Amino acid sequence: MKQADQYLIDRYIQGNLSEEDIVAINQLLDSSREARDYFRKATLLDSALHEKASLPLPEIASRNQPHPLLPWMVAAACLVLALIAWSKKLSHNHEYHGQKFTSNGHHQTQPIAQLIDFYKAEFSSNHAPKHSALDKGLYELKSGFIELQYKNNARILMEGPATFSIVDELNMNLTQGKVRAVIPQSAHGFTVHTEDADFVDLGTEFFVSANPVKKLSQVDVLSGEVNVVEPGSQELLKNLKYRQSARLDSGILKKSAFVQRTQLPIPGQLSTLRWLDHARKMASDSSLIAYFPMLRWEDENIDTPADKTCMPKGFTEKENLNWYRLRNFASNPRASHGVRSIASWSSGRWPKKYSQDFSNPKARIDFEIYGSFKEMTIAAWININQQPNELTSILSSDGWGTPGQIHFKSNRAGGLHCSMPSINSLPSEYASSVTNNRWIFVSAQIQTTESGTTSLCRVNGEKTSIMKGPITKIEPGKVKMGNWYDNNLNKFERNLCGKIDEFMIWDRYLSAKEIKDFFEAGTPKAPTFVALK
Amino acid sequence: MTPPPSDSSEDFLRLHAKHEPQIRAFVRSGVQNNESVAEIMQETSIVAWQKFSDLQKPESDFGKWMCVIARYEILKYRQTKARDRMILDQSIVEKITAEALDDSNIREKYLSTLDQCLGKISKANSNLLLLAYDPSQSIKAIAKSLRKTPDALYQKLRRLRLKLTECMSAEHSLDQS
């Protein structure tokens with residue numbers, strides 16, 4: 001029998017029929033024997049419950065003369081107990097009175113959950129975690145985002161304002177706020193309790209929001225399955241599967257269209273948000289003449305065809321439908337936008353951070369650096385998979401031989417050099433070197449003084465090599481990121497078999513501390529998932 | 001038509017007490033609320049008491065016999081309330097009560113599983129269900145005490161009733177098997 005028909009009969013029992021319902025129930029009962037059988041069962045139960053509710057509780061009545069309101073008192077007592085249990089669940093353990101939220105510090109015993117990342121997170125002073133360890137208790141996230149990792153490796157992403165309490169390894173209460181729960185095998189059964197329903201994981205990733213003002217709770221299943229369960233009774237209200245949603249409006253379970261909740265970050269993505277702030281600040285530096293942060297927004301058509309307005313001089317006649325613009329985000333640019341050819345979008349240092357992949361031998365990004373400079377610093381986050389070529393180009397002027405050109409490149413031995421035609425001498429080498437298959441921060445600082453021109457290369461802020469030569473103006477001209485074109489052989493050489501995630505050029509010689517700071521700000525530390533033992 | 005002799009009165013009261021729940025349930029299937037059930041039950045009991053001496057096999061036929069009387073009283077009640085809005089058409093009620101006449105034994109066994117099934121839901125929920133059926137309580141007041149809206153409480157009650165119906169059907173089939 002259809003559930004809608006059962007609901008219709010139930011509304012008759014409750015005396016809640018509309019005019020349309022009256023027509024419908026008559027048609028239903030007239031035409032369906034099954035409906036009439038269900039109808040008789042429903043009225044039979046209704047009658048029995050009505051009769052039972054009119055009687056005093058038998059076990060008490062047999063012993064004493066019952067108070068006329070005794071059944072109500074007993075029932076009310078149970079309800080009161082249930083309410084107390086719920087309120088206790090919400091305010092479980094108020095021993096935490098953190099004053100100021102910090103990410104440092106440690107916990108003597110293993111906590112139920114660890115705060116592994118946060119972004120602009122601010123807790124209320126009375127309900128903040130003491131350090132990065134979260135035990136049983138009530139917490140109030142006033143604003144921002146946090147990422148928790150439970151002992152059982154469940155990952156919880158939360159957006160403030162949110163009020164929540166940690167009950168134990170498998171249970172958290174969400175009074176208000178938004179939560180993304182990513183639950184591994186080791187934490188099956190993890191439950192987010194809201195006032196209207198409990199959302200029980202059956203091996204999945206799901207999104208829950210609770211809004212006590214609007215009396216709304218929402219669940220969206222992003223993968224796997226979730227049971228929506230009546231609080232207290234544990235009665236199953238609904239089983240939701242992949243890309244199914246449910247909404248509880250004033251406690252009433254309603255159907256809801258699935259919505260991809262992209263506004264709530266995924267595990268590791270808080271690092272991307274934090275980096276974006278850093279990138280915005282960096283772009284406003286007037287000495288930054290070229291900045292390719294490799295940004296790609298979900299709702300942006302990033303692949304704008306490269307046209308005359310954005311291409312470097314000399315490229316207009318070679319206009320190609322397969323060339324796309326890569327925007328130079330520097331606020332005071334002295335370089336063109338990039339023209340992306342063959343290089344493709346790929347994953348970056350953190351979730352939802354992107355990069356350009358130069359593994360194809362012809363992959364490159366062309367742009368032009370205008371004018372001449374006395375000082376220059378070039379830096380990039382790179383991840384080299386392998387080095388099939390003798391040399392791997394990070395940034396190279398087209399051709400070779402014109403004074404002022406630069407070739408910033410690495411070799412198979414782990415060396416990192418920034419050569420110019422005039423300073424192509426044997427470099428002084430230091431201990432640090434380029435390593436494959438990990439994100440590293442490479443930089444080249446070039447400076448022209450009265451005593452000559454030097455180029456100093458660093459890996460992760462540590463010196464790698466230094467080269468010296470006669471006084472030379474720095475005039476890179478037309479350049480390729482991730483490749484080099486050999487004019488003599490008429491072929492591409494030295495493509496970077498790997499990815500570049502962020503690329504910057506300043507018109508000054510950065511200090512060692514500045515470079516170290518940029519390395520620290522961009523280091524992909526937080527997203528590394530380390531299972532707690 | 002005369003009332004039954006005194007020794008038969010005892011039999012009548014005994015059989016009436018035994019069959020009353022299932023007869024009440026039968027009446028409920030023919031009227032739209034429990035207030036009407038009380039009124040029809042009263043008329044049905046009076047008529048049955050007056051006609052009890054005519055019943056040949058009271059031990060085996062009492063339940064079904066009472067339901068026949070009750071069916072007549074339901075239809076009569078509807079005529080007296082002709083000015084009131086009746087939700088179900090007369091023909092539907094006739095059909096439902098006719099089919100229900102054959103159910104008297106099943107109804108009795110089915111009802112006997114109620115306590116068992118109430119025991120299978122939580123104490124808080126069974127108390128809530130009975131509280132909602134208490135004539136001295138209003139749904140609005142109960143909902144307020146639970147910090148729920150009346151609609152939310154109605155939905156919860158509907159779910160609990162559905163659960164009980166499923167449980168009672170299952171228990172009853174087990175008995176039959």
# chains A, B, ... in the order shown; residues from 1 in each chain; ligands from 1

$ closest_atom_pairs --of "chain A" --to "chain B" --cutoff "8 Å" --atoms "only C-alpha atoms" --output "Markdown table"
| residue | atom | partner | partner_atom | distance |
| --- | --- | --- | --- | --- |
| A:Asp10 | CA | B:Arg158 | CA | 6.7 |
| A:Tyr12 | CA | B:Gln32 | CA | 7.6 |
| A:Ile13 | CA | B:Gln32 | CA | 7.3 |
| A:Gln14 | CA | B:Tyr154 | CA | 8.0 |
| A:Gly15 | CA | B:Gln32 | CA | 7.7 |
| A:Ile22 | CA | B:Ile87 | CA | 6.2 |
| A:Ile25 | CA | B:Leu88 | CA | 7.8 |
| A:Asn26 | CA | B:Leu88 | CA | 6.0 |
| A:Leu29 | CA | B:Ile92 | CA | 6.8 |
| A:Asp30 | CA | B:Ile92 | CA | 5.9 |
| A:Arg36 | CA | B:Ile96 | CA | 6.5 |
| A:Phe39 | CA | B:Ser29 | CA | 7.5 |
| A:Arg40 | CA | B:Ser29 | CA | 5.8 |
| A:Lys41 | CA | B:Thr165 | CA | 7.0 |
| A:Ala42 | CA | B:Thr165 | CA | 7.0 |
| A:Thr43 | CA | B:Ser29 | CA | 5.4 |
| A:Leu44 | CA | B:Ala25 | CA | 4.6 |
| A:Leu45 | CA | B:Thr165 | CA | 7.1 |
| A:Asp46 | CA | B:Ala25 | CA | 7.9 |
| A:Ser47 | CA | B:Ala25 | CA | 5.2 |
| A:Ala48 | CA | B:Ala25 | CA | 6.9 |
| A:Leu49 | CA | B:Leu130 | CA | 6.5 |
| A:His50 | CA | B:Tyr133 | CA | 5.3 |
| A:Glu51 | CA | B:Pro21 | CA | 7.9 |
| A:Lys52 | CA | B:Leu130 | CA | 7.2 |
| A:Ala53 | CA | B:Leu130 | CA | 4.9 |
| A:Ser54 | CA | B:Asp134 | CA | 6.1 |
| A:Trp72 | CA | B:Leu131 | CA | 6.6 |
| A:Ala75 | CA | B:Asn127 | CA | 5.0 |
| A:Cys78 | CA | B:Ala124 | CA | 5.6 |
| A:Leu79 | CA | B:Ala124 | CA | 6.2 |
| A:Ala82 | CA | B:Ala124 | CA | 7.2 |
| A:Leu83 | CA | B:Leu146 | CA | 7.6 |
| A:Ser233 | CA | B:Ser122 | CA | 5.7 |
| A:Ser250 | CA | B:Ala152 | CA | 6.3 |
| A:Gly251 | CA | B:Ala152 | CA | 4.9 |
| A:Ile252 | CA | B:Ala152 | CA | 4.9 |

$ write_last_selection --atoms "C-alpha atoms" --output "JSON list (two decimals), in the first residue's frame"
[["chain", "number", "residue", "atom", "x", "y", "z"],
["A", 10, "ASP", "CA", -4.05, 8.53, 9.38],
["A", 12, "TYR", "CA", -8.77, 10.79, 8.97],
["A", 13, "ILE", "CA", -8.00, 9.14, 12.32],
["A", 14, "GLN", "CA", -6.58, 12.41, 13.61],
["A", 15, "GLY", "CA", -9.48, 14.43, 12.22],
["A", 22, "ILE", "CA", -12.31, 13.90, 1.93],
["A", 25, "ILE", "CA", -10.36, 9.02, 1.05],
["A", 26, "ASN", "CA", -13.81, 8.15, -0.22],
["A", 29, "LEU", "CA", -11.82, 3.26, 0.40],
["A", 30, "ASP", "CA", -14.40, 2.63, -2.29],
["A", 36, "ARG", "CA", -10.13, -0.77, 3.70],
["A", 39, "PHE", "CA", -8.39, 1.45, 7.53],
["A", 40, "ARG", "CA", -9.95, -1.15, 9.84],
["A", 41, "LYS", "CA", -6.60, -1.87, 11.47],
["A", 42, "ALA", "CA", -5.97, 1.83, 11.97],
["A", 43, "THR", "CA", -9.38, 2.49, 13.52],
["A", 44, "LEU", "CA", -9.01, -0.63, 15.65],
["A", 45, "LEU", "CA", -5.72, 0.62, 17.06],
["A", 46, "ASP", "CA", -7.15, 4.07, 17.57],
["A", 47, "SER", "CA", -10.06, 2.63, 19.52],
["A", 48, "ALA", "CA", -7.79, 0.44, 21.64],
["A", 49, "LEU", "CA", -5.46, 3.30, 22.48],
["A", 50, "HIS", "CA", -8.39, 5.52, 23.32],
["A", 51, "GLU", "CA", -9.73, 2.90, 25.69],
["A", 52, "LYS", "CA", -6.34, 2.21, 27.22],
["A", 53, "ALA", "CA", -5.69, 5.90, 27.80],
["A", 54, "SER", "CA", -8.97, 6.18, 29.69],
["A", 72, "TRP", "CA", -0.87, 11.81, 33.40],
["A", 75, "ALA", "CA", 3.54, 10.05, 31.68],
["A", 78, "CYS", "CA", 8.67, 10.35, 31.80],
["A", 79, "LEU", "CA", 8.49, 13.31, 29.44],
["A", 82, "ALA", "CA", 13.32, 12.77, 28.61],
["A", 83, "LEU", "CA", 13.62, 16.57, 28.40],
["A", 233, "SER", "CA", 13.18, 6.42, 20.87],
["A", 250, "SER", "CA", 9.52, 22.27, 13.06],
["A", 251, "GLY", "CA", 10.13, 18.61, 13.76],
["A", 252, "ILE", "CA", 8.25, 17.42, 10.67]]

$ residues_around --residues "Arg364 in chain A" --least-positions-apart "4" --cutoff "7 Å" --atoms "only C-alpha atoms" --output "list in words"
Arg340, Ser341, Ile342, Ala343, Phe358, Lys480, Met481, Gly482 and Asn483 of chain A

$ write_last_selection --atoms "C-alpha atoms" --output "short mmCIF file (atom, residue, chain, number, x, y, z; two decimals), in the first residue's frame"
data_model
loop_
_atom_site.label_atom_id
_atom_site.label_comp_id
_atom_site.auth_asym_id
_atom_site.auth_seq_id
_atom_site.Cartn_x
_atom_site.Cartn_y
_atom_site.Cartn_z
CA ARG A 340 48.55 28.78 -21.45
CA SER A 341 49.41 26.26 -24.15
CA ILE A 342 49.11 22.51 -23.58
CA ALA A 343 49.79 23.03 -19.84
CA PHE A 358 53.72 20.75 -17.59
CA LYS A 480 58.20 30.52 -20.82
CA MET A 481 57.10 29.10 -17.51
CA GLY A 482 57.67 25.35 -17.28
CA ASN A 483 59.52 24.97 -20.59
#

$ atom_distance --atom1 "CA of Lys478 in chain A" --atom2 "CA of Thr454 in chain A"
21.3 Å

$ residues_around --residues "Asn385 in chain A" --least-positions-apart "4" --cutoff "9 Å" --atoms "only C-alpha atoms" --output "VMD selection string"
chain A and resid 359 436 to 438 496 to 499

$ residues_around --residues "Asp135 in chain A" --least-positions-apart "2" --cutoff "7 Å" --atoms "only C-alpha atoms" --output "PyMOL selection string"
chain A and resi 111-113+133+137+166

$ residues_around --residues "Pro403 in chain A" --least-positions-apart "6" --cutoff "10 Å" --atoms "only C-alpha atoms" --output "list in words"
Met420, Pro421, Ser422, Ile423, Thr472, Lys473, Ile474, Glu475 and Pro476 of chain A

$ write_last_selection --atoms "N, CA and C atoms" --output "compact mmCIF listing (two decimals), in the first residue's frame"
# COMPACT_ATOMS: atom_id res chain seq x y z
N MET A 420 72.41 33.57 -16.50
CA MET A 420 72.25 34.62 -17.50
C MET A 420 73.40 34.43 -18.47
N PRO A 421 73.30 34.88 -19.71
CA PRO A 421 74.41 34.66 -20.66
C PRO A 421 75.74 35.19 -20.14
N SER A 422 75.65 36.27 -19.32
CA SER A 422 76.89 36.86 -18.82
C SER A 422 77.39 36.23 -17.52
N ILE A 423 76.55 35.46 -16.85
CA ILE A 423 77.00 34.85 -15.58
C ILE A 423 76.82 33.34 -15.62
N THR A 472 75.30 43.31 -15.34
CA THR A 472 74.36 43.05 -16.44
C THR A 472 72.97 43.52 -16.04
N LYS A 473 72.29 44.23 -16.93
CA LYS A 473 70.89 44.58 -16.67
C LYS A 473 70.03 43.33 -16.84
N ILE A 474 69.01 43.24 -16.01
CA ILE A 474 68.13 42.06 -16.08
C ILE A 474 66.99 42.39 -17.05
N GLU A 475 66.95 41.73 -18.19
CA GLU A 475 65.92 41.98 -19.21
C GLU A 475 65.41 40.64 -19.74
N PRO A 476 64.54 40.00 -19.00
CA PRO A 476 64.10 38.64 -19.40
C PRO A 476 63.33 38.63 -20.72

$ residues_around --residues "range 278-284 of chain A" --least-positions-apart "5" --cutoff "7 Å" --atoms "only C-alpha atoms" --output "list of chain:residue names"
A:Tyr291, A:Phe329, A:Ala330, A:Ser331

$ atom_distance --atom1 "CA of Gln79 in chain B" --atom2 "CA of Ala17 in chain B"
28.2 Å

$ select_by_dssp --residues "range 234-431 of chain A" --states "strand (DSSP E or B)" --output "compact mmCIF listing (two decimals) with N, CA and C atoms, in the first residue's frame"
# COMPACT_ATOMS: atom_id res chain seq x y z
N LEU A 236 13.53 4.67 13.51
CA LEU A 236 14.05 5.06 12.20
C LEU A 236 13.00 5.85 11.44
N LEU A 237 13.35 7.08 11.09
CA LEU A 237 12.41 7.91 10.33
C LEU A 237 12.65 7.75 8.84
N LYS A 238 13.93 7.67 8.47
CA LYS A 238 14.23 7.57 7.04
C LYS A 238 15.66 7.09 6.85
N ASN A 239 15.85 6.30 5.83
CA ASN A 239 17.19 5.89 5.44
C ASN A 239 17.53 6.67 4.16
N LEU A 240 18.63 7.41 4.21
CA LEU A 240 19.01 8.22 3.07
C LEU A 240 20.26 7.65 2.43
N SER A 245 18.48 13.80 0.42
CA SER A 245 18.42 14.80 1.48
C SER A 245 17.12 14.68 2.24
N ALA A 246 17.11 15.22 3.44
CA ALA A 246 15.87 15.31 4.21
C ALA A 246 15.93 16.58 5.03
N ARG A 247 14.76 17.12 5.31
CA ARG A 247 14.68 18.35 6.08
C ARG A 247 13.65 18.13 7.18
N LEU A 248 13.97 18.57 8.38
CA LEU A 248 12.98 18.54 9.45
C LEU A 248 12.57 19.97 9.74
N ASP A 249 11.35 20.29 9.37
CA ASP A 249 10.82 21.64 9.53
C ASP A 249 9.89 21.63 10.73
N ILE A 252 8.95 18.24 11.67
CA ILE A 252 8.25 17.42 10.67
C ILE A 252 9.21 17.04 9.55
N LEU A 253 9.31 15.76 9.30
CA LEU A 253 10.21 15.26 8.27
C LEU A 253 9.65 15.59 6.89
N LYS A 254 10.45 16.26 6.08
CA LYS A 254 9.99 16.62 4.75
C LYS A 254 11.04 16.23 3.72
N LYS A 255 10.53 16.03 2.50
CA LYS A 255 11.46 15.73 1.41
C LYS A 255 12.25 16.98 1.09
N SER A 256 13.44 16.80 0.61
CA SER A 256 14.27 17.95 0.29
C SER A 256 15.15 17.60 -0.88
N LEU A 288 55.57 43.55 -6.54
CA LEU A 288 55.28 42.27 -7.22
C LEU A 288 54.83 42.61 -8.65
N ILE A 289 55.60 42.21 -9.65
CA ILE A 289 55.28 42.61 -11.02
C ILE A 289 54.55 41.52 -11.80
N ALA A 290 54.67 40.27 -11.31
CA ALA A 290 53.92 39.17 -11.95
C ALA A 290 53.51 38.18 -10.87
N TYR A 291 52.22 37.82 -10.89
CA TYR A 291 51.74 36.88 -9.88
C TYR A 291 50.70 35.94 -10.50
N PHE A 292 51.09 34.68 -10.59
CA PHE A 292 50.18 33.65 -11.12
C PHE A 292 49.84 32.69 -9.98
N PRO A 305 39.67 32.41 -23.58
CA PRO A 305 40.62 32.31 -24.70
C PRO A 305 41.59 33.49 -24.69
N TYR A 324 44.94 29.75 -23.88
CA TYR A 324 44.03 30.35 -22.89
C TYR A 324 44.81 31.32 -22.01
N ARG A 325 44.08 32.30 -21.54
CA ARG A 325 44.72 33.31 -20.71
C ARG A 325 44.94 32.81 -19.29
N LEU A 326 46.11 33.05 -18.77
CA LEU A 326 46.34 32.81 -17.35
C LEU A 326 46.61 34.17 -16.74
N ALA A 335 54.42 42.83 -16.26
CA ALA A 335 54.48 41.62 -17.11
C ALA A 335 53.08 41.38 -17.65
N GLY A 338 49.53 35.53 -18.80
CA GLY A 338 50.16 34.36 -19.40
C GLY A 338 49.29 33.79 -20.50
N VAL A 339 49.93 33.11 -21.42
CA VAL A 339 49.19 32.37 -22.45
C VAL A 339 49.47 30.89 -22.21
N ARG A 340 48.40 30.20 -21.83
CA ARG A 340 48.55 28.78 -21.45
C ARG A 340 48.40 27.91 -22.69
N SER A 341 49.45 27.17 -23.01
CA SER A 341 49.41 26.26 -24.15
C SER A 341 49.79 24.86 -23.68
N ILE A 342 48.89 23.92 -23.91
CA ILE A 342 49.11 22.51 -23.58
C ILE A 342 49.15 22.29 -22.05
N SER A 344 48.12 22.04 -18.37
CA SER A 344 46.73 21.77 -17.99
C SER A 344 46.51 21.97 -16.49
N TRP A 345 45.27 22.25 -16.12
CA TRP A 345 44.91 22.41 -14.71
C TRP A 345 45.08 21.08 -13.98
N SER A 346 45.63 21.17 -12.81
CA SER A 346 45.82 19.96 -12.02
C SER A 346 45.63 20.30 -10.54
N SER A 347 45.78 19.29 -9.68
CA SER A 347 45.60 19.53 -8.25
C SER A 347 46.81 20.27 -7.68
N TYR A 354 44.66 24.75 -7.02
CA TYR A 354 45.01 24.14 -8.29
C TYR A 354 46.44 24.49 -8.72
N SER A 355 46.86 23.83 -9.76
CA SER A 355 48.21 24.06 -10.28
C SER A 355 48.18 23.86 -11.80
N GLN A 356 49.32 24.11 -12.44
CA GLN A 356 49.45 23.81 -13.87
C GLN A 356 50.42 22.65 -14.04
N ASP A 357 50.02 21.70 -14.88
CA ASP A 357 50.84 20.52 -15.12
C ASP A 357 51.58 20.70 -16.45
N ARG A 364 53.51 24.75 -21.77
CA ARG A 364 54.21 25.96 -21.29
C ARG A 364 53.20 27.07 -21.07
N ILE A 365 53.66 28.07 -20.38
CA ILE A 365 52.90 29.31 -20.24
C ILE A 365 53.82 30.45 -20.68
N ASP A 366 53.41 31.10 -21.77
CA ASP A 366 54.21 32.20 -22.30
C ASP A 366 53.75 33.52 -21.69
N PHE A 367 54.67 34.36 -21.36
CA PHE A 367 54.33 35.74 -21.02
C PHE A 367 55.57 36.61 -21.25
N GLU A 368 55.40 37.90 -21.06
CA GLU A 368 56.52 38.80 -21.33
C GLU A 368 56.74 39.69 -20.11
N ILE A 369 58.01 39.83 -19.75
CA ILE A 369 58.38 40.72 -18.64
C ILE A 369 58.93 41.99 -19.30
N PHE A 373 65.75 45.65 -15.32
CA PHE A 373 65.72 45.72 -13.86
C PHE A 373 67.14 45.58 -13.31
N GLU A 375 67.32 44.64 -9.99
CA GLU A 375 67.09 43.54 -9.03
C GLU A 375 65.83 42.78 -9.44
N MET A 376 65.81 41.55 -9.07
CA MET A 376 64.61 40.74 -9.36
C MET A 376 64.63 39.51 -8.47
N THR A 377 63.46 39.10 -8.00
CA THR A 377 63.33 37.82 -7.29
C THR A 377 62.22 37.02 -7.95
N ILE A 378 62.53 35.80 -8.27
CA ILE A 378 61.56 34.88 -8.89
C ILE A 378 61.33 33.75 -7.89
N ALA A 379 60.06 33.37 -7.66
CA ALA A 379 59.79 32.26 -6.73
C ALA A 379 58.60 31.44 -7.23
N ALA A 380 58.62 30.17 -6.86
CA ALA A 380 57.51 29.31 -7.30
C ALA A 380 57.39 28.10 -6.38
N TRP A 381 56.16 27.61 -6.26
CA TRP A 381 55.93 26.32 -5.61
C TRP A 381 55.87 25.27 -6.70
N ILE A 382 56.78 24.32 -6.66
CA ILE A 382 56.82 23.31 -7.73
C ILE A 382 56.81 21.90 -7.14
N ASN A 383 56.37 20.97 -7.95
CA ASN A 383 56.40 19.55 -7.56
C ASN A 383 56.84 18.76 -8.80
N ILE A 384 58.10 18.35 -8.82
CA ILE A 384 58.65 17.66 -10.00
C ILE A 384 58.48 16.14 -9.81
N LEU A 391 68.02 19.19 -18.14
CA LEU A 391 67.63 20.39 -17.38
C LEU A 391 66.11 20.53 -17.37
N THR A 392 65.59 21.04 -16.26
CA THR A 392 64.15 21.27 -16.12
C THR A 392 63.91 22.76 -15.94
N SER A 393 63.16 23.34 -16.83
CA SER A 393 62.98 24.79 -16.80
C SER A 393 61.84 25.20 -15.87
N ILE A 394 62.12 26.15 -14.99
CA ILE A 394 61.06 26.76 -14.17
C ILE A 394 60.61 28.04 -14.88
N LEU A 395 61.57 28.87 -15.26
CA LEU A 395 61.28 30.04 -16.08
C LEU A 395 62.48 30.30 -16.97
N SER A 396 62.23 30.41 -18.27
CA SER A 396 63.35 30.63 -19.20
C SER A 396 62.98 31.65 -20.26
N SER A 397 63.90 32.59 -20.49
CA SER A 397 63.71 33.50 -21.62
C SER A 397 63.78 32.69 -22.91
N HIS A 407 67.68 32.10 -17.25
CA HIS A 407 67.23 30.70 -17.28
C HIS A 407 67.25 30.16 -15.85
N PHE A 408 66.05 30.03 -15.26
CA PHE A 408 65.91 29.52 -13.89
C PHE A 408 65.52 28.05 -14.02
N LYS A 409 66.42 27.14 -13.59
CA LYS A 409 66.22 25.73 -13.92
C LYS A 409 66.86 24.82 -12.89
N SER A 410 66.45 23.57 -12.92
CA SER A 410 67.09 22.58 -12.05
C SER A 410 67.71 21.49 -12.91
N ASN A 411 68.56 20.68 -12.29
CA ASN A 411 69.13 19.55 -13.04
C ASN A 411 68.89 18.24 -12.28
N LEU A 416 69.96 23.72 -8.47
CA LEU A 416 69.00 24.76 -8.86
C LEU A 416 69.80 26.01 -9.18
N HIS A 417 69.68 26.50 -10.42
CA HIS A 417 70.50 27.64 -10.85
C HIS A 417 69.68 28.65 -11.61
N CYS A 418 70.12 29.90 -11.51
CA CYS A 418 69.52 30.93 -12.34
C CYS A 418 70.65 31.55 -13.16
N SER A 419 70.71 31.16 -14.42
CA SER A 419 71.80 31.59 -15.29
C SER A 419 71.40 32.80 -16.12
N SER A 428 78.63 28.23 -7.17
CA SER A 428 78.99 27.73 -5.84
C SER A 428 77.76 27.01 -5.31
N GLU A 429 77.96 25.78 -4.87
CA GLU A 429 76.80 24.97 -4.46
C GLU A 429 76.72 24.87 -2.93

$ closest_residue --among "B:Cys117, B:Arg71, B:Ala98, B:Gly63" --to "Thr44 in chain B" --atoms "only C-alpha atoms"
B:Arg71

$ atom_distance --atom1 "CA of Pro333 in chain A" --atom2 "CA of Thr523 in chain A"
25.3 Å

$ select_by_dssp --residues "range 285-502 of chain A" --states "helix (DSSP H, G or I)" --output "PyMOL selection string"
chain A and resi 316-318+421-423

$ closest_residue --among "A:Ala521, A:Leu216, A:Ile471, A:Ala363" --to "Trp323 in chain A" --atoms "only C-alpha atoms"
A:Ala363

$ decode --residues "range 109-157 of chain B" --atoms "C-alpha atoms" --output "short mmCIF file (atom, residue, chain, number, x, y, z; two decimals), in the first residue's frame"
data_model
loop_
_atom_site.label_atom_id
_atom_site.label_comp_id
_atom_site.auth_asym_id
_atom_site.auth_seq_id
_atom_site.Cartn_x
_atom_site.Cartn_y
_atom_site.Cartn_z
CA LYS B 109 -6.57 -11.64 18.75
CA TYR B 110 -5.18 -8.57 17.06
CA LEU B 111 -6.11 -6.40 20.03
CA SER B 112 -4.47 -8.85 22.40
CA THR B 113 -1.09 -7.99 20.88
CA LEU B 114 -1.34 -4.28 21.70
CA ASP B 115 0.33 -4.45 25.13
CA GLN B 116 3.12 -6.58 23.74
CA CYS B 117 3.75 -4.08 20.96
CA LEU B 118 3.53 -1.09 23.28
CA GLY B 119 6.29 -2.79 25.24
CA LYS B 120 8.47 -2.78 22.14
CA ILE B 121 8.56 0.98 21.83
CA SER B 122 10.26 3.13 24.42
CA LYS B 123 8.46 3.92 27.67
CA ALA B 124 8.57 7.64 26.86
CA ASN B 125 6.92 7.03 23.49
CA SER B 126 4.22 4.70 24.79
CA ASN B 127 3.42 7.19 27.54
CA LEU B 128 3.30 9.98 25.01
CA LEU B 129 0.90 7.99 22.84
CA LEU B 130 -1.45 7.30 25.72
CA LEU B 131 -1.18 10.88 26.90
CA ALA B 132 -2.27 12.08 23.48
CA TYR B 133 -5.35 9.82 23.74
CA ASP B 134 -6.24 11.08 27.18
CA PRO B 135 -9.47 13.05 26.72
CA SER B 136 -8.39 15.54 29.38
CA GLN B 137 -5.30 16.53 27.41
CA SER B 138 -5.00 18.67 24.29
CA ILE B 139 -2.46 18.07 21.56
CA LYS B 140 -1.55 21.75 21.67
CA ALA B 141 -0.68 21.60 25.38
CA ILE B 142 1.32 18.38 25.03
CA ALA B 143 3.20 19.81 22.04
CA LYS B 144 4.00 22.94 24.02
CA SER B 145 5.37 20.92 26.94
CA LEU B 146 7.61 19.03 24.49
CA ARG B 147 8.71 22.23 22.75
CA LYS B 148 7.28 20.92 19.52
CA THR B 149 4.64 22.29 17.18
CA PRO B 150 1.26 20.47 17.11
CA ASP B 151 2.02 19.41 13.53
CA ALA B 152 5.32 17.88 14.60
CA LEU B 153 3.57 16.04 17.43
CA TYR B 154 0.88 14.76 15.07
CA GLN B 155 3.60 13.44 12.80
CA LYS B 156 5.32 11.72 15.69
CA LEU B 157 2.05 10.15 16.82
#
